[in-house]
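Peer 1: Here you go, this is final_12.txt (compact mmCIF, C-alpha atoms and all ligand atoms).
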```
# COMPACT_ATOMS: atom_id res chain seq x y z
CA MET A 170 46.75 89.68 26.06
CA ASN A 171 47.61 86.81 23.75
CA LYS A 172 47.62 83.41 25.36
CA PRO A 173 50.95 81.56 25.51
CA VAL A 174 51.24 79.02 22.69
CA VAL A 175 52.09 75.36 23.39
CA ALA A 176 53.27 72.72 20.90
CA THR A 177 54.03 69.07 21.55
CA ALA A 178 55.67 66.18 19.70
CA SER A 179 56.25 62.51 20.26
CA LEU A 180 59.61 61.35 18.89
CA ALA A 181 60.93 57.90 19.88
CA GLY A 182 58.32 57.51 22.60
CA CYS A 183 55.17 55.47 23.18
CA PHE A 184 52.71 58.35 23.56
CA GLY A 185 52.52 57.59 27.27
CA CYS A 186 53.72 61.10 28.13
CA HIS A 187 50.99 62.59 25.96
CA MET A 188 48.51 60.32 27.72
CA SER A 189 49.79 61.64 31.02
CA LEU A 190 49.25 65.19 29.76
CA LEU A 191 45.63 64.29 29.00
CA ASP A 192 45.49 62.75 32.46
CA ILE A 193 45.29 66.20 34.04
CA ASP A 194 41.57 65.48 33.58
CA GLU A 195 39.22 68.40 34.19
CA ARG A 196 42.17 70.73 34.47
CA LEU A 197 42.33 70.38 30.66
CA VAL A 198 39.47 72.87 30.53
CA GLU A 199 41.50 75.27 32.64
CA LEU A 200 44.54 74.63 30.46
CA ILE A 201 42.65 75.52 27.31
CA ASP A 202 41.70 78.81 28.98
CA LEU A 203 45.33 79.44 29.83
CA VAL A 204 47.06 78.44 26.58
CA GLU A 205 46.58 78.00 22.89
CA PHE A 206 47.78 74.77 21.25
CA ASN A 207 49.69 74.78 17.99
CA LYS A 208 51.49 71.86 16.29
CA SER A 209 50.64 68.78 18.33
CA PRO A 210 49.22 65.30 17.89
CA ILE A 211 46.53 66.36 20.36
CA ASP A 212 44.87 68.82 17.95
CA ASP A 213 46.39 67.22 14.87
CA ILE A 214 47.96 70.48 13.66
CA LYS A 215 50.78 69.12 11.51
CA LYS A 216 52.78 72.29 10.76
CA PHE A 217 53.76 75.23 12.92
CA THR A 218 51.57 78.21 12.06
CA LYS A 219 53.34 80.62 14.43
CA ASP A 220 56.12 80.92 16.97
CA VAL A 221 55.56 78.95 20.12
CA ASP A 222 56.25 79.71 23.78
CA ILE A 223 56.43 76.21 25.26
CA GLY A 224 57.40 73.04 23.39
CA LEU A 225 56.96 69.66 25.06
CA ILE A 226 59.02 66.82 23.62
CA GLU A 227 58.26 63.21 24.36
CA GLY A 228 60.79 60.58 23.29
CA GLY A 229 64.45 60.69 22.30
CA CYS A 230 65.92 60.64 18.80
CA CYS A 231 66.14 57.22 17.16
CA ASN A 232 66.00 58.27 13.51
CA THR A 233 66.68 61.18 11.17
CA GLU A 234 63.08 62.36 11.26
CA ASN A 235 63.18 62.68 15.05
CA VAL A 236 66.27 64.88 14.73
CA GLU A 237 64.61 67.04 12.09
CA VAL A 238 61.44 67.52 14.14
CA LEU A 239 63.41 68.26 17.29
CA LYS A 240 65.55 70.87 15.51
CA GLU A 241 62.44 72.51 14.11
CA PHE A 242 60.92 72.64 17.60
CA ARG A 243 64.09 74.24 18.91
CA LYS A 244 63.84 76.93 16.23
CA LYS A 245 60.17 77.64 16.88
CA CYS A 246 59.89 77.29 20.67
CA LYS A 247 61.10 79.82 23.21
CA THR A 248 61.17 77.19 25.94
CA LEU A 249 61.73 73.54 25.13
CA ILE A 250 61.05 70.77 27.64
CA SER A 251 62.13 67.14 27.71
CA LEU A 252 59.03 65.32 28.84
CA GLY A 253 59.71 61.88 30.31
CA GLU A 254 62.55 59.37 30.54
CA CYS A 255 62.85 58.69 26.79
CA ALA A 256 63.40 62.37 26.01
CA ILE A 257 65.80 62.67 28.95
CA MET A 258 67.90 59.52 28.55
CA GLY A 259 66.58 57.61 25.55
CA GLY A 260 64.40 55.41 27.74
CA LEU A 261 63.44 51.91 26.73
CA PRO A 262 64.24 52.44 23.03
CA ALA A 263 67.83 53.12 24.16
CA LEU A 264 68.07 49.54 25.42
CA ARG A 265 69.33 48.91 21.89
CA ASN A 266 72.26 51.27 22.38
CA ASP A 267 74.81 48.56 23.03
CA ILE A 268 73.61 46.50 20.07
CA THR A 269 74.64 47.34 16.50
CA VAL A 270 71.97 48.65 14.09
CA SER A 271 72.56 45.74 11.73
CA GLU A 272 71.93 43.25 14.55
CA CYS A 273 68.73 45.10 15.50
CA LEU A 274 67.48 45.14 11.92
CA ALA A 275 68.33 41.48 11.44
CA GLU A 276 66.43 40.54 14.60
CA ALA A 277 63.40 42.61 13.61
CA TYR A 278 63.18 41.86 9.89
CA LEU A 279 65.19 38.72 9.14
CA ASP A 280 65.78 36.33 12.00
CA GLY A 281 63.02 37.06 14.51
CA PRO A 282 61.07 33.95 15.55
CA THR A 283 57.82 35.31 14.10
CA THR A 284 59.34 36.92 11.00
CA VAL A 285 58.36 35.86 7.50
CA ASN A 286 60.59 37.65 5.00
CA GLU A 287 61.17 35.39 2.05
CA HIS A 288 63.30 37.80 0.04
CA ARG A 289 65.21 38.95 3.12
CA ILE A 290 64.50 42.60 2.43
CA LEU A 291 65.42 45.27 4.97
CA PRO A 292 63.32 48.46 4.91
CA ASN A 293 65.20 50.79 2.58
CA ASP A 294 62.63 52.97 0.84
CA GLU A 295 63.97 56.50 0.48
CA GLU A 296 60.75 57.80 2.06
CA LEU A 297 61.69 56.12 5.31
CA PRO A 298 63.79 57.96 7.87
CA ILE A 299 67.18 56.40 8.52
CA ILE A 300 67.73 54.75 11.88
CA LEU A 301 70.50 56.33 13.93
CA ASN A 302 73.40 54.31 15.34
CA LYS A 303 72.01 54.95 18.84
CA VAL A 304 68.97 56.48 20.48
CA TYR A 305 69.97 59.96 21.68
CA PRO A 306 68.57 61.95 24.58
CA CYS A 307 67.09 65.23 23.28
CA HIS A 308 69.61 67.38 25.14
CA GLU A 309 72.45 65.65 23.31
CA VAL A 310 70.95 66.91 20.02
CA VAL A 311 69.68 70.42 20.81
CA LYS A 312 69.64 72.58 23.94
CA MET A 313 66.73 71.68 26.19
CA ASP A 314 65.61 74.19 28.82
CA TYR A 315 63.80 71.98 31.33
CA PHE A 316 63.40 68.31 32.16
CA LEU A 317 60.36 66.57 33.59
CA PRO A 318 61.33 63.03 34.57
CA GLY A 319 59.03 60.05 34.85
CA CYS A 320 57.82 57.14 32.77
CA PRO A 321 55.50 58.86 32.24
CA PRO A 322 55.83 62.07 34.27
CA SER A 323 52.74 62.25 36.45
CA ALA A 324 49.87 64.44 35.33
CA ASP A 325 50.38 66.52 38.48
CA LEU A 326 54.02 67.15 37.64
CA ILE A 327 53.15 68.23 34.10
CA TRP A 328 50.39 70.47 35.42
CA GLU A 329 52.58 72.07 38.10
CA ALA A 330 55.36 72.70 35.59
CA LEU A 331 53.07 74.16 32.94
CA VAL A 332 51.34 76.47 35.41
CA ALA A 333 54.69 77.61 36.78
CA LEU A 334 55.94 78.39 33.27
CA ILE A 335 52.78 80.15 32.18
CA THR A 336 52.42 82.28 35.28
CA GLY A 337 56.17 82.80 35.65
CA GLU A 338 55.99 81.86 39.32
CA GLU A 339 58.75 79.60 40.60
CA LYS A 340 57.42 76.55 42.37
CA GLU A 341 58.82 74.03 44.77
CA ILE A 342 58.02 70.60 43.32
CA PRO A 343 56.76 68.13 45.97
CA TYR A 344 59.10 65.16 46.60
CA ALA A 345 56.64 62.49 45.50
CA LEU A 346 56.26 64.02 42.02
CA ILE A 347 59.83 63.51 40.88
CA LYS A 348 60.15 59.89 39.81
CA TYR A 349 62.17 58.13 37.12
CA ASP A 350 59.61 55.37 36.58
CA MET B 288 83.79 54.84 77.64
CA ALA B 289 85.40 56.99 75.01
CA ASP B 290 85.77 60.68 75.76
CA ARG B 291 82.91 63.04 75.03
CA ILE B 292 83.86 65.70 72.53
CA SER B 293 82.11 68.42 70.60
CA ILE B 294 82.11 68.88 66.82
CA TYR B 295 80.49 71.45 64.55
CA ILE B 296 78.39 70.44 61.57
CA ASP B 297 77.28 73.33 59.39
CA LYS B 298 78.30 75.66 62.21
CA LYS B 299 76.05 73.97 64.77
CA GLU B 300 77.58 72.30 67.81
CA TYR B 301 76.95 68.59 68.47
CA PHE B 302 78.26 66.18 71.09
CA THR B 303 79.68 62.75 70.39
CA THR B 304 82.42 60.41 71.52
CA GLU B 305 85.93 60.01 70.17
CA ASP B 306 85.46 56.46 68.89
CA LYS B 307 83.01 57.49 66.15
CA THR B 308 83.37 58.32 62.50
CA ILE B 309 81.96 61.61 61.27
CA LEU B 310 79.11 59.66 59.69
CA GLU B 311 78.18 57.88 62.92
CA ALA B 312 78.42 61.08 64.93
CA ALA B 313 76.21 62.90 62.44
CA GLN B 314 73.64 60.09 62.37
CA GLU B 315 73.30 59.87 66.13
CA ASN B 316 72.68 63.62 66.14
CA GLY B 317 70.02 63.44 63.44
CA VAL B 318 72.17 64.91 60.67
CA TYR B 319 71.91 63.02 57.39
CA ILE B 320 75.03 62.46 55.31
CA PRO B 321 74.32 60.44 52.15
CA THR B 322 76.09 57.09 51.72
CA LEU B 323 76.15 54.41 49.05
CA CYS B 324 79.09 52.07 49.60
CA HIS B 325 79.12 52.37 53.38
CA LEU B 326 77.96 49.30 55.26
CA PRO B 327 77.87 49.46 59.07
CA GLU B 328 79.96 46.80 60.86
CA THR B 329 82.25 46.25 57.88
CA GLU B 330 85.41 47.97 56.81
CA SER B 331 84.79 51.03 54.63
CA SER B 332 85.51 50.62 50.95
CA THR B 333 85.25 54.40 50.46
CA SER B 334 84.67 53.88 46.79
CA CYS B 335 81.62 56.03 46.11
CA ARG B 336 82.70 59.36 47.68
CA ILE B 337 79.08 60.48 48.05
CA CYS B 338 79.59 61.05 51.79
CA THR B 339 82.28 63.67 51.15
CA VAL B 340 82.19 66.54 53.64
CA MET B 341 84.56 69.42 54.24
CA VAL B 342 86.58 68.87 57.41
CA ASN B 343 88.45 71.96 58.56
CA GLY B 344 88.51 73.04 54.91
CA ARG B 345 89.54 69.71 53.37
CA PRO B 346 87.30 67.24 51.54
CA LEU B 347 87.17 63.88 53.38
CA THR B 348 84.84 60.90 53.37
CA ALA B 349 82.56 60.98 56.40
CA CYS B 350 82.13 57.20 56.51
CA SER B 351 85.83 56.57 57.16
CA THR B 352 87.11 59.68 58.96
CA PRO B 353 87.16 59.61 62.77
CA VAL B 354 85.85 62.64 64.60
CA GLY B 355 88.16 64.93 66.56
CA GLU B 356 87.55 67.56 69.20
CA GLY B 357 86.34 70.84 67.74
CA MET B 358 86.19 69.57 64.15
CA GLU B 359 84.41 71.94 61.79
CA ILE B 360 82.42 69.99 59.24
CA ASP B 361 80.48 71.34 56.26
CA ASN B 362 77.75 69.01 55.04
CA SER B 363 75.45 71.25 53.03
CA THR B 364 77.39 73.98 51.25
CA THR B 365 76.59 74.52 47.57
CA GLN B 366 79.98 73.10 46.67
CA ILE B 367 79.33 69.85 48.53
CA THR B 368 75.83 69.52 47.12
CA GLU B 369 77.21 70.03 43.62
CA TRP B 370 79.94 67.42 44.19
CA ARG B 371 77.39 64.91 45.40
CA LYS B 372 75.12 65.57 42.46
CA SER B 373 78.08 65.08 40.12
CA VAL B 374 78.90 61.72 41.73
CA LEU B 375 75.31 60.59 41.20
CA GLU B 376 75.20 61.92 37.65
CA ILE B 377 78.44 60.13 36.79
CA MET B 378 76.93 56.87 38.06
CA PHE B 379 73.75 57.42 36.08
CA THR B 380 75.64 58.06 32.85
CA GLU B 381 78.43 55.52 33.29
CA GLY B 382 76.12 52.57 33.90
CA ASN B 383 72.90 51.78 32.10
CA HIS B 384 70.15 52.71 34.52
CA PHE B 385 66.82 52.20 32.84
CA CYS B 386 64.68 52.98 35.87
CA PRO B 387 61.31 52.32 34.18
CA SER B 388 62.24 48.68 33.59
CA CYS B 389 64.28 48.05 36.75
CA GLU B 390 62.95 45.69 39.42
CA LYS B 391 64.65 47.73 42.13
CA SER B 392 63.06 51.04 41.13
CA GLY B 393 61.45 52.70 44.14
CA ASN B 394 63.70 50.73 46.51
CA CYS B 395 67.00 51.81 44.94
CA ARG B 396 69.36 53.93 47.01
CA LEU B 397 71.04 55.48 43.97
CA GLN B 398 67.69 56.56 42.57
CA ALA B 399 66.53 57.73 46.01
CA LEU B 400 69.57 59.97 46.34
CA ALA B 401 68.95 61.43 42.90
CA TYR B 402 65.39 62.19 44.03
CA ARG B 403 66.63 63.75 47.23
CA TYR B 404 68.98 66.02 45.29
CA GLN B 405 66.25 66.67 42.69
CA ILE B 406 68.33 65.66 39.69
CA MET B 407 66.12 66.21 36.66
CA ALA B 408 68.74 65.21 34.06
CA PRO B 409 72.46 64.45 34.36
CA GLN B 410 74.95 66.99 33.06
CA PHE B 411 77.25 64.32 31.59
CA PRO B 412 76.79 62.47 28.29
CA TYR B 413 75.38 58.95 28.53
CA GLN B 414 78.02 56.31 27.85
CA PHE B 415 75.75 53.34 27.07
CA ASN B 416 78.59 50.95 27.82
CA GLU B 417 78.11 47.34 26.93
CA ARG B 418 77.53 45.23 30.05
CA GLU B 419 76.52 41.65 30.52
CA ILE B 420 73.65 40.10 32.44
CA ASP B 421 74.50 36.86 34.20
CA ALA B 422 71.51 34.60 34.77
CA THR B 423 73.39 31.35 35.30
CA ASN B 424 72.56 31.04 39.00
CA ASP B 425 69.27 29.43 40.08
CA LYS B 426 68.46 32.00 42.71
CA ILE B 427 69.79 35.34 41.57
CA ILE B 428 70.43 37.34 38.42
CA GLN B 429 73.35 39.74 38.20
CA ASP B 430 72.72 42.74 35.98
CA HIS B 431 76.07 44.41 35.44
CA ASN B 432 74.45 47.37 33.71
CA ARG B 433 73.59 48.75 37.11
CA CYS B 434 76.52 47.80 39.33
CA ILE B 435 78.26 50.80 40.91
CA ILE B 436 81.17 48.70 42.27
CA CYS B 437 80.41 49.57 45.89
CA LYS B 438 81.60 46.15 47.09
CA ARG B 439 78.75 45.87 49.60
CA CYS B 440 77.79 42.40 48.35
CA VAL B 441 81.39 41.18 48.64
CA ARG B 442 81.65 42.48 52.20
CA ALA B 443 78.24 41.37 53.44
CA ILE B 444 77.27 38.07 51.85
CA LYS B 445 79.38 35.26 53.32
CA ASP B 446 78.94 31.62 54.22
CA GLU B 447 79.42 30.18 57.72
CA HIS B 448 83.18 29.91 57.14
CA GLY B 449 83.40 33.58 56.30
CA ARG B 450 83.90 32.99 52.59
CA SER B 451 82.45 35.69 50.32
CA PHE B 452 79.99 34.57 47.67
CA PHE B 453 80.89 37.55 45.52
CA ALA B 454 84.32 38.78 44.42
CA PHE B 455 85.82 41.46 42.21
CA ILE B 456 87.38 40.30 38.97
CA ASP B 457 89.56 42.24 36.49
CA ARG B 458 90.78 45.77 37.01
CA GLY B 459 90.19 49.40 36.08
CA HIS B 460 87.16 50.03 33.88
CA LYS B 461 86.79 46.28 33.37
CA LEU B 462 86.34 45.65 37.09
CA ARG B 463 83.15 43.79 37.90
CA VAL B 464 81.58 41.67 40.55
CA ARG B 465 81.21 37.96 40.03
CA LEU B 466 79.24 35.44 42.01
CA ASP B 467 81.48 32.46 42.73
CA ARG B 468 80.15 29.71 40.46
CA LYS B 469 80.70 26.85 42.90
CA LEU B 470 79.81 28.65 46.11
CA GLY B 471 76.86 30.26 44.32
CA LYS B 472 75.18 26.87 44.18
CA GLU B 473 74.98 26.93 47.97
CA LEU B 474 73.29 30.31 48.11
CA THR B 475 70.25 30.01 50.39
CA ASP B 476 67.00 31.91 49.87
CA GLU B 477 67.82 34.08 52.88
CA LEU B 478 71.29 34.95 51.58
CA ALA B 479 69.92 35.64 48.10
CA GLU B 480 67.41 38.09 49.54
CA ALA B 481 70.05 39.63 51.77
CA ALA B 482 72.23 40.13 48.67
CA MET B 483 69.40 41.86 46.81
CA GLU B 484 68.77 44.03 49.85
CA VAL B 485 72.41 44.94 50.42
CA CYS B 486 72.92 45.97 46.80
CA PRO B 487 72.16 49.71 46.68
CA VAL B 488 71.03 49.45 43.05
CA GLY B 489 69.28 46.78 41.00
CA SER B 490 72.37 44.78 40.16
CA ILE B 491 71.52 41.72 42.26
CA LEU B 492 67.99 40.44 41.75
CA VAL B 493 66.29 37.46 43.33
CA ARG B 494 64.34 35.54 40.75
CA GLU B 495 60.58 36.14 40.80
CA LYS B 496 60.89 38.90 43.41
CA GLY B 497 60.89 41.91 41.11
CA PHE B 498 57.99 44.36 41.17
CA GLU B 499 56.53 42.72 44.30
CA THR B 500 55.59 45.98 46.00
CA PRO B 501 53.10 48.14 44.15
CA ILE B 502 54.12 51.62 43.01
CA GLY B 503 53.30 54.12 45.73
CA GLN B 504 54.23 51.71 48.54
CA ARG B 505 57.89 51.23 47.80
CA LYS B 506 60.57 52.44 50.18
CA TYR B 507 61.33 55.81 48.63
CA ASP B 508 58.06 56.54 46.84
CA LEU B 509 56.80 58.99 49.42
CA GLU B 510 59.63 59.44 51.89
CA ARG B 511 63.01 60.81 50.97
CA ILE B 512 66.10 58.81 51.82
CA GLY B 513 67.56 59.95 55.14
CA ALA B 514 64.23 61.17 56.50
CA ASP B 515 64.34 58.53 59.27
CA ILE B 516 67.70 59.78 60.48
CA GLU B 517 66.56 63.38 60.41
CA GLN B 518 63.34 62.54 62.27
CA ASN B 519 65.22 60.65 64.99
CA GLY B 520 67.34 63.74 65.43
CA GLN B 521 64.31 65.96 65.77
CA MET B 522 62.82 63.68 68.38
CA LYS B 523 66.08 63.68 70.30
CA ASN B 524 66.40 67.44 70.19
CA HIS B 525 62.89 67.61 71.60
CA GLU B 526 63.55 65.43 74.60
S1 LIG C 1 76.46 44.13 42.72
FE1 LIG C 1 75.42 45.73 43.96
S2 LIG C 1 76.32 45.47 46.02
FE2 LIG C 1 77.68 44.37 44.60
S3 LIG C 1 79.27 45.88 44.03
FE3 LIG C 1 77.66 46.01 42.46
S4 LIG C 1 76.30 47.67 43.18
FE4 LIG C 1 77.55 47.03 44.95
S1 LIG C 2 79.71 56.07 51.70
FE1 LIG C 2 81.58 57.00 52.22
S2 LIG C 2 82.76 56.72 50.40
FE2 LIG C 2 80.91 55.66 49.95
```
Re-express the file's structure as structure tokens.

Peer 2:
Amino acid sequence: MNKPVVATASLAGCFGCHMSLLDIDERLVELIDLVEFNKSPIDDIKKFTKDVDIGLIEGGCCNTENVEVLKEFRKKCKTLISLGECAIMGGLPALRNDITVSECLAEAYLDGPTTVNEHRILPNDEELPIILNKVYPCHEVVKMDYFLPGCPPSADLIWEALVALITGEEKEIPYALIKYD
Amino acid sequence: MADRISIYIDKKEYFTTEDKTILEAAQENGVYIPTLCHLPETESSTSCRICTVMVNGRPLTACSTPVGEGMEIDNSTTQITEWRKSVLEIMFTEGNHFCPSCEKSGNCRLQALAYRYQIMAPQFPYQFNEREIDATNDKIIQDHNRCIICKRCVRAIKDEHGRSFFAFIDRGHKLRVRLDRKLGKELTDELAEAAMEVCPVGSILVREKGFETPIGQRKYDLERIGADIEQNGQMKNHE
């Protein structure tokens, strides 16, 4: 039997959720027996080489590239999971959501107390993704199938959820594992 | 003594007295009904609706409805659970609740209820409304991003003359709570802490008190909200 394939991505996140995934410690060995990894920063596979069973998304969408990656994951993954607060509600990057983009850019590149920008240039190379007006939760961009809250979600929660998905057995999640911080 | 009567909660018979509300009767019998705006010993503001139960087939707020002989109360049907989840999800999307950076996280009643009902993500779109943070007072900071307009602070925090330190200003969606500028100067450390405690979310914060308790030891880290009430009930049923 072919092993289920897992892919992961970090959008507007801090990689903390990926760290938490690695935090399953020695169970990683078990995980590698259970699944095969495809596109993911963990194995550095940059492009999908096949269809994927489980996609884990860390981070919300703060720019056009995030949206593109998320849409590609939706196309390729049978089951797509929002991993962590940023994917679920935008998280700390969404603290900018009641501030205009121009104010944010000015603070970061023009008027910040430690900024030196003699020619007052804002990043505008066409190679750069465009910043969105707000940071969007993943499920407001594409359909997400499951949500694992936490900042980051605990390694145990990620493990329990992955095992449940892989084995197809429904599991009761212990109270202490569901946390928003 | 008020008359002893019997009521039914989720088809089970319980005894109580006529002078109680449904909430009080349930609590003394070890049945948990969630509350947010309710504050014992003060008049109900019935603003949050989280305590809604079905009474003889009609939705009513348990914190303000008196019990009656033979009342049939539903507290855990799917419909009621879904209503309660919706109330919580509306609060989470209407305000800006960034739990990872909130000083009240782990001790927050709103969050604790969402844990109890296992809300993984709200079904409503996030509003990201613009709200102000008022840090003009020496003792407390008011973060309006998190206020759920429960009025608990207004009802509970008063000076010796019975004057409230907090008051509602404006109306409708602009309604917010304001600490009286003049009276606020007389806020004692005890009252400031009481205000932080009475606020069910992280909207009132005492300066330099945030993140005092380590993660894992906070109020709702390991024990779900309402567990104390349910345990009391179990003990009583055992006697
Ligand atoms: S500040 Fe806190 S206690 Fe006061 S109305 Fe808002 S949520 Fe309720
Ligand atoms: S607790 Fe009853 S309406 Fe808020």

Peer 1: Write out as CSV a residue-level contact list of chain B versus ligand LIG 1 (chain C) with cut-off 7 Å: for each qualifying residue the closest pair of atoms and the distance in Å to one decimal, counting only C-alpha atoms and all ligand atoms, rows sorted by chain and residue number upward.

Peer 2:
```
residue,atom,partner,partner_atom,distance
B:Arg433,CA,C:LIG1,S4,6.7
B:Cys434,CA,C:LIG1,FE3,3.8
B:Ile435,CA,C:LIG1,S4,4.3
B:Ile436,CA,C:LIG1,S3,3.8
B:Cys437,CA,C:LIG1,FE4,3.9
B:Lys438,CA,C:LIG1,S3,3.9
B:Arg439,CA,C:LIG1,S2,4.3
B:Cys440,CA,C:LIG1,S2,4.1
B:Val441,CA,C:LIG1,FE2,6.3
B:Val464,CA,C:LIG1,S3,5.9
B:Val485,CA,C:LIG1,S2,5.9
B:Cys486,CA,C:LIG1,S2,3.5
B:Pro487,CA,C:LIG1,S4,5.8
B:Val488,CA,C:LIG1,S4,5.6
B:Gly489,CA,C:LIG1,FE1,6.9
B:Ser490,CA,C:LIG1,S1,4.9
B:Ile491,CA,C:LIG1,S1,5.5
```

Peer 1: Could the residues that lie within 10 Å of ligand LIG 2 (chain C), counting all atoms listed in the file, be listed as JSON, numbers by chain?

Peer 2: {"B": [310, 320, 321, 322, 323, 324, 325, 326, 331, 332, 333, 334, 335, 336, 337, 338, 339, 340, 347, 348, 349, 350, 351, 352, 437, 438]}

Peer 1: Please, what distance in Å, to one decimal, runs between atom CA of Ile226 of chain A and atom CA of Arg511 of chain B?

Peer 2: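 Taking atom CA of Ile226 of chain A and atom CA of Arg511 of chain B, their separation equals 28.3 Å.
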
Peer 1: Considering only C-alpha atoms, tabulate each residue of chain A that lies at most 6 Å from chain B along with its nearest interatomic pair and the corresponding distance in Å to one decimal; arrange the rows by chain and ascending residue number and present them as CSV.

Peer 2:
```
residue,atom,partner,partner_atom,distance
A:Asp267,CA,B:Glu417,CA,5.3
A:Phe316,CA,B:Met407,CA,5.7
A:Ala345,CA,B:Leu509,CA,5.3
A:Tyr349,CA,B:Cys386,CA,5.9
A:Asp350,CA,B:Pro387,CA,4.2
```

Peer 1: Restricting the calculation to only C-alpha atoms: of B:Ile427, B:Asp457, B:Thr500, B:Lys506, which residue gets closest to Ala481 of chain B?

Peer 2: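 Between B:Ile427, B:Asp457, B:Thr500, B:Lys506, the residue approaching Ala481 of chain B most closely is B:Ile427.
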
Peer 1: Give me the residues within 12 Å of Cys273 of chain A as a count of residues only, counting only C-alpha atoms and dropping any in the same chain fewer than 6 places off.

Peer 2: 14

Peer 1: Given only C-alpha atoms as the basis, pick out the residue of A:Ile211, A:Ala256, A:Leu261, A:Leu190 nearest to Val311 of chain A.

Peer 2: A:Ala256
